Amino acid sequence: MSDDRNSGNPAAALEAVERFLQSPPPDVPGEVVALLQATMHGRRPSLSPRLFAEAVEQAPVAISITDTAANILYANAAFTQVTGFSQADVVGHNESMLSDKSTPSIVYRTLWGRLLQQKSWNGMLVNRRKDGERYVAELTVAPVVSSGGVTTHYVGMHRDITEMFQLQQELQNQKELFDTVIDVAPAVIAVLDDNGATLLRNRAYRRLLHDLNGREPAELLLAAPNAEATDQENMPSRELRLDFPDGSTRWFVCMAVHFNARDSSADAYFSARERPYRMLVAHEVSELKRQQEEVRMNALRALVAEEELGRGLRETLTGALHQMQRPLNLLNAAVGMLERRNGGGDESLLGVLRQVRDEGSAAVETLRGCVPQELQEPLLPVNLNQLLHEALLLCTPRLLAAGIVVDWQPTVDLPLFNGHERRLRSALKQLVDNAIDAIVDANSERRELRLTTRVDGGQLALQIEDSGPGIAPELRFKVFEPFFTRKGGQHAGMGLAMVQEAVNRHYGTIDIDPACNEGCRICLRFPLLTDNYQEW
Ligand code: FAD
């Protein structure tokens with residue numbers, strides 16, 4: 001009966017081990033036999049000693065057994081395979097014969113420190129094969145402690161991990177190369193997992209994170225109103241803006257790409273499961289945007305100047321028509337009186353008056369035909385904040401020259417509403433211009449202009465408040481009448497009438513707040529849901 005077959009019968013196995021130990025096979029080193037004897041004395045007869053010896057001999061790991069001075073007593077076949085040294089080469093020699101001497105001494109000191117505490121040690125060191133070739137060894141050493149608590153031997157197990165080390169190094173090199181390339185890229189780059197956690201952030205991204213006081217740029221960019229990126233879809237290039245804690249606004253062209261990568265958790269070892277990731281790439285275009293904005297503002301300035309010229313001409317001609325209409329009316333009345341008194345024999349005077357009246361009427365009509373028409377403008381979604389901001393930019397030179405402090409408090413994310421962009425911008429600029437005039441006229445130390453926007457009860461509310469002399473209660477309605485002006489000179493008094501008309505066209509209201517005691521507060525309100533404005 002073989003020893004293998006005795007493994008299920010402890011009594012028979014014990015007997016077999018005893019038999020084995022009485023006459024051990026010649027190829028089993030004496031020290032291994034001694035070890036087996038120690039095991040037997042520990043009364044743990046789970047395997048036959050021959051099986052045990054064969055298992056050690058045939059194990060695919062380089063195993064060596066030493067005395068307490070690390071002199072090799074036994075080395076298995078894998079040891080010969082890994083090191084190139086045969087049993088005969090190594091038995092009786094110290095394990096240090098494998099040492100390449102490039103391993104730092106602290107490694108050996110730590111190894112021996114553990115062994116002297118009767119603890120095992122695991123680590124890497126560089127060994128040298130019989131042929132002189134170096135290899136990286138992953139070594140585990142452990143003490144063999146007798147039942148009396150004395151270390152009698154050491155067992156060493158090691159394997160050649162040079163290839164794995166090389167692969168690890170290559171992987172590390174590739175990662176460093178990748179990290180360097182990603183890091184020096186001027187674009188903002190981040191990789192997010194399916195929970196939105198940021199797994200990779202390049203230097204530009206980290207700088208942005210710092211500028212945002214620790215708020216994740218990826219989170220803010222992907223949550224931007226026009227980002228339109230879902231968890232599954234790629235986001236094509238989008239121009240997005242970020243508002244920073246220092247009050248600045250910066251612009252980015254941003255895109256997000258989805259990709260799947262192998263899951264590295266143990267659960268996915270056989271299933272080749274994949275996890276979705278998102279790569280976010282953003283280029284800052286604030287400078288470009290600033291230049292575009294400058295070009296746009298210059299075009300806007302030219303457009304507004306042209307509009308103001310047209311409006312001035314319209315006002316002047318309308319004023320002239322208004323002035324001419326009065327004597328014409330008198331003439332008409334005189335002709336009427338003379339006609340009623342007909343028979344008085346003053347036909348020649350009547351004829352002259354009729355001629356003057358008709359020529360005057362013809363001149364008025366000619367002049368009326370010269371009044372420039374207002375441009376047709378489409379109804380489009382407009383952003384009141386944007387228009388007010390542009391009106392302020394257009395007035396900036398005047399504001400600076402007058403030393404006016406502007407307190408601009410727009411409500412962020414103000415809804416859009418359908419409106420005539422140019423008409424509204426002109427109206428807002430007119431209101432800002434009026435406020436500047438009032439502040440300059442007051443010539444007081446306090447020179448403030450406050451602008452606010454908000455949503456209030458389904459309406460867009462806008463306030464323009466100045467620190468000027470204010471408007472007397474009796475004039476609060478009159479100022480909106482055409483040709484009413486307190487400024488004199490070139491002012492035709494059509495500014496607020498034009499604003500009133502623009503507001504009316506948008507079904508809005510304009511009021512002068514009676515509760516405002518210092519200066520003047522103009523309040524405008526526009527309904528949000530109106531889409532049936534008349535085209536003009
Ligand atoms: P050493 O003088 O041998 O040792 C360096 C340091 O270890 C010194 O600080 C010294 O004080 C301490 N030290 C050495 N021997 C002992 C001891 N018996 N008791 C207490 N402290 C001691 N080394 C390898 O390079 N490659 C191996 O594959 C390898 N396998 C080993 C397997 C086993 C089972 C054991 C017990 C040791 C093994 N060693 C191995 C360690 C080896 O014995 C040497 O310590 C090491 O190679 C350094 O050799 P050295 O001649 O440079 O210095």
# chains A, B, ... in the order shown; residues from 1 in each chain; ligands from 1

$ residues_near_ligand --ligand "ligand 1" --cutoff "9 Å" --atoms "only C-alpha atoms and all ligand atoms" --output "PyMOL selection string"
chain A and resi 63-72+94-101+103-113+115-116+125-128+137-143+153-158

$ select_by_dssp --residues "region 280-501 of chain A" --states "helix (DSSP H, G or I)" --output "JSON, numbers by chain"
{"A": [286, 287, 288, 289, 290, 291, 292, 293, 294, 295, 296, 297, 298, 299, 300, 301, 302, 303, 304, 305, 306, 307, 308, 309, 310, 311, 312, 313, 314, 315, 316, 317, 318, 319, 320, 321, 322, 323, 324, 325, 326, 327, 328, 329, 330, 331, 332, 333, 334, 335, 336, 337, 338, 339, 340, 347, 348, 349, 350, 351, 352, 353, 354, 355, 356, 357, 358, 359, 360, 361, 362, 363, 364, 365, 366, 367, 368, 369, 370, 384, 385, 386, 387, 388, 389, 390, 391, 392, 393, 394, 395, 396, 397, 398, 399, 400, 401, 421, 422, 423, 424, 425, 426, 427, 428, 429, 430, 431, 432, 433, 434, 435, 436, 437, 438, 439, 440, 441, 442, 473, 474, 475, 478, 479, 480, 495, 496, 497, 498, 499, 500, 501]}

$ write_last_selection --atoms "C-alpha atoms" --output "short mmCIF file (atom, residue, chain, number, x, y, z; two decimals), in the first residue's frame"
data_model
loop_
_atom_site.label_atom_id
_atom_site.label_comp_id
_atom_site.auth_asym_id
_atom_site.auth_seq_id
_atom_site.Cartn_x
_atom_site.Cartn_y
_atom_site.Cartn_z
CA SER A 286 -11.30 84.05 -22.76
CA GLU A 287 -8.73 86.19 -24.61
CA LEU A 288 -10.24 85.32 -27.99
CA LYS A 289 -13.67 86.01 -26.55
CA ARG A 290 -12.45 89.37 -25.21
CA GLN A 291 -11.14 90.31 -28.65
CA GLN A 292 -14.38 89.17 -30.30
CA GLU A 293 -16.31 91.14 -27.70
CA GLU A 294 -14.23 94.23 -28.46
CA VAL A 295 -14.92 93.87 -32.19
CA ARG A 296 -18.62 93.30 -31.43
CA MET A 297 -18.73 96.34 -29.12
CA ASN A 298 -17.07 98.50 -31.77
CA ALA A 299 -19.66 97.34 -34.31
CA LEU A 300 -22.37 97.97 -31.73
CA ARG A 301 -21.01 101.45 -31.03
CA ALA A 302 -21.13 102.23 -34.76
CA LEU A 303 -24.65 100.82 -34.98
CA VAL A 304 -25.85 102.76 -31.95
CA ALA A 305 -24.23 105.95 -33.27
CA GLU A 306 -26.05 105.44 -36.57
CA GLU A 307 -29.30 104.74 -34.74
CA GLU A 308 -28.87 107.81 -32.58
CA LEU A 309 -28.19 109.91 -35.65
CA GLY A 310 -31.36 108.56 -37.29
CA ARG A 311 -33.32 109.10 -34.11
CA GLY A 312 -31.94 112.66 -33.76
CA LEU A 313 -32.95 113.41 -37.32
CA ARG A 314 -36.38 111.92 -36.72
CA GLU A 315 -36.82 113.95 -33.55
CA THR A 316 -35.63 117.16 -35.24
CA LEU A 317 -37.90 116.70 -38.24
CA THR A 318 -40.82 115.64 -36.07
CA GLY A 319 -40.18 118.74 -33.92
CA ALA A 320 -40.02 120.93 -37.02
CA LEU A 321 -43.25 119.40 -38.34
CA HIS A 322 -44.83 120.03 -34.96
CA GLN A 323 -43.65 123.68 -35.12
CA MET A 324 -44.82 124.15 -38.71
CA GLN A 325 -48.19 122.63 -38.07
CA ARG A 326 -49.11 125.45 -35.68
CA PRO A 327 -48.93 128.42 -38.21
CA LEU A 328 -50.54 126.17 -40.81
CA ASN A 329 -53.41 125.56 -38.43
CA LEU A 330 -53.73 129.35 -37.92
CA LEU A 331 -53.67 129.89 -41.68
CA ASN A 332 -56.34 127.26 -42.10
CA ALA A 333 -58.46 128.98 -39.47
CA ALA A 334 -57.97 132.39 -41.20
CA VAL A 335 -58.90 130.95 -44.61
CA GLY A 336 -61.98 129.39 -43.02
CA MET A 337 -62.99 132.69 -41.44
CA LEU A 338 -62.58 134.58 -44.74
CA GLU A 339 -64.50 131.93 -46.67
CA ARG A 340 -67.35 132.18 -44.17
CA GLU A 347 -60.95 137.55 -52.75
CA SER A 348 -57.36 138.45 -53.50
CA LEU A 349 -56.31 138.11 -49.84
CA LEU A 350 -58.20 134.82 -49.60
CA GLY A 351 -56.41 133.62 -52.71
CA VAL A 352 -52.99 134.53 -51.27
CA LEU A 353 -53.80 132.88 -47.96
CA ARG A 354 -55.04 129.73 -49.73
CA GLN A 355 -51.84 129.62 -51.77
CA VAL A 356 -49.66 130.07 -48.66
CA ARG A 357 -51.65 127.39 -46.84
CA ASP A 358 -51.44 124.91 -49.71
CA GLU A 359 -47.76 125.49 -50.23
CA GLY A 360 -47.19 125.20 -46.49
CA SER A 361 -49.17 121.92 -46.40
CA ALA A 362 -47.20 120.63 -49.36
CA ALA A 363 -43.93 121.60 -47.61
CA VAL A 364 -45.08 119.80 -44.42
CA GLU A 365 -45.93 116.69 -46.42
CA THR A 366 -42.55 116.83 -48.18
CA LEU A 367 -40.86 117.15 -44.81
CA ARG A 368 -42.94 114.28 -43.36
CA GLY A 369 -41.74 112.13 -46.24
CA CYS A 370 -38.16 112.93 -45.26
CA LEU A 384 -31.96 91.73 -20.43
CA ASN A 385 -28.73 91.40 -18.43
CA GLN A 386 -26.75 91.28 -21.64
CA LEU A 387 -28.54 94.33 -23.10
CA LEU A 388 -28.10 96.33 -19.91
CA HIS A 389 -24.46 95.30 -19.77
CA GLU A 390 -23.98 96.48 -23.35
CA ALA A 391 -25.76 99.75 -22.62
CA LEU A 392 -23.34 100.25 -19.71
CA LEU A 393 -20.34 99.44 -21.91
CA LEU A 394 -21.55 101.94 -24.50
CA CYS A 395 -21.78 104.58 -21.77
CA THR A 396 -18.48 103.64 -20.09
CA PRO A 397 -16.48 106.64 -21.41
CA ARG A 398 -19.13 109.03 -20.04
CA LEU A 399 -19.37 107.15 -16.73
CA LEU A 400 -15.60 107.30 -16.28
CA ALA A 401 -15.40 110.96 -17.27
CA GLU A 421 -32.90 93.67 -29.26
CA ARG A 422 -31.86 97.00 -30.78
CA ARG A 423 -34.92 98.86 -29.63
CA LEU A 424 -34.52 97.60 -26.06
CA ARG A 425 -30.78 98.29 -26.01
CA SER A 426 -31.40 101.85 -27.23
CA ALA A 427 -34.05 102.33 -24.57
CA LEU A 428 -31.74 101.07 -21.82
CA LYS A 429 -28.87 103.22 -23.07
CA GLN A 430 -31.21 106.22 -23.09
CA LEU A 431 -32.07 105.54 -19.43
CA VAL A 432 -28.40 105.21 -18.48
CA ASP A 433 -27.58 108.39 -20.43
CA ASN A 434 -30.41 110.22 -18.61
CA ALA A 435 -29.08 109.00 -15.27
CA ILE A 436 -25.56 110.22 -16.13
CA ASP A 437 -26.95 113.63 -17.17
CA ALA A 438 -28.87 113.86 -13.89
CA ILE A 439 -25.84 112.94 -11.76
CA VAL A 440 -23.63 115.42 -13.62
CA ASP A 441 -26.30 118.15 -13.23
CA ALA A 442 -26.62 117.52 -9.50
CA PRO A 473 -43.84 114.34 -8.28
CA GLU A 474 -45.81 116.62 -10.61
CA LEU A 475 -43.48 115.79 -13.49
CA LYS A 478 -45.08 114.56 -17.94
CA VAL A 479 -41.46 113.54 -18.54
CA PHE A 480 -42.72 110.72 -20.76
CA GLY A 495 -35.77 110.24 -25.09
CA LEU A 496 -38.23 109.03 -22.45
CA ALA A 497 -41.06 109.04 -25.02
CA MET A 498 -38.97 106.63 -27.10
CA VAL A 499 -38.28 104.48 -24.01
CA GLN A 500 -41.99 104.47 -23.15
CA GLU A 501 -42.84 103.41 -26.69
#

$ closest_atom_pairs --of "region 301-417 of chain A" --to "region 453-467 of chain A" --cutoff "10 Å" --atoms "only C-alpha atoms" --output "CSV"
residue,atom,partner,partner_atom,distance
A:Leu384,CA,A:Thr453,CA,7.9
A:Asn385,CA,A:Thr453,CA,7.0
A:Leu388,CA,A:Thr453,CA,9.2
A:Ile404,CA,A:Ser467,CA,9.6
A:Val406,CA,A:Asp466,CA,9.5
A:Asp407,CA,A:Glu465,CA,9.6
A:Trp408,CA,A:Thr453,CA,9.0
A:Gln409,CA,A:Thr453,CA,6.9
A:Pro410,CA,A:Thr453,CA,4.9
A:Thr411,CA,A:Arg454,CA,5.3
A:Val412,CA,A:Arg454,CA,8.6
A:Asp413,CA,A:Arg454,CA,9.6
A:Leu414,CA,A:Arg454,CA,7.0
A:Pro415,CA,A:Val455,CA,8.1
A:Leu416,CA,A:Leu460,CA,9.2
A:Phe417,CA,A:Leu460,CA,8.6

$ write_last_selection --atoms "C-alpha atoms" --output "PDB file, in the first residue's frame"
ATOM      1  CA  LEU A 384     -31.962  91.726 -20.427  1.00  0.00           C
ATOM      2  CA  ASN A 385     -28.729  91.401 -18.428  1.00  0.00           C
ATOM      3  CA  LEU A 388     -28.103  96.327 -19.907  1.00  0.00           C
ATOM      4  CA  ILE A 404     -19.690 107.701 -11.454  1.00  0.00           C
ATOM      5  CA  VAL A 406     -21.628 101.792 -10.933  1.00  0.00           C
ATOM      6  CA  ASP A 407     -23.244  99.183  -8.700  1.00  0.00           C
ATOM      7  CA  TRP A 408     -24.239  96.443 -11.176  1.00  0.00           C
ATOM      8  CA  GLN A 409     -26.314  93.706  -9.560  1.00  0.00           C
ATOM      9  CA  PRO A 410     -27.746  91.412 -12.229  1.00  0.00           C
ATOM     10  CA  THR A 411     -29.614  88.275 -11.235  1.00  0.00           C
ATOM     11  CA  VAL A 412     -27.637  85.350 -12.588  1.00  0.00           C
ATOM     12  CA  ASP A 413     -29.503  83.042 -15.023  1.00  0.00           C
ATOM     13  CA  LEU A 414     -32.180  85.599 -15.840  1.00  0.00           C
ATOM     14  CA  PRO A 415     -34.680  83.941 -18.220  1.00  0.00           C
ATOM     15  CA  LEU A 416     -34.725  85.102 -21.833  1.00  0.00           C
ATOM     16  CA  PHE A 417     -37.781  86.816 -23.209  1.00  0.00           C
TER      17      PHE A 417
END
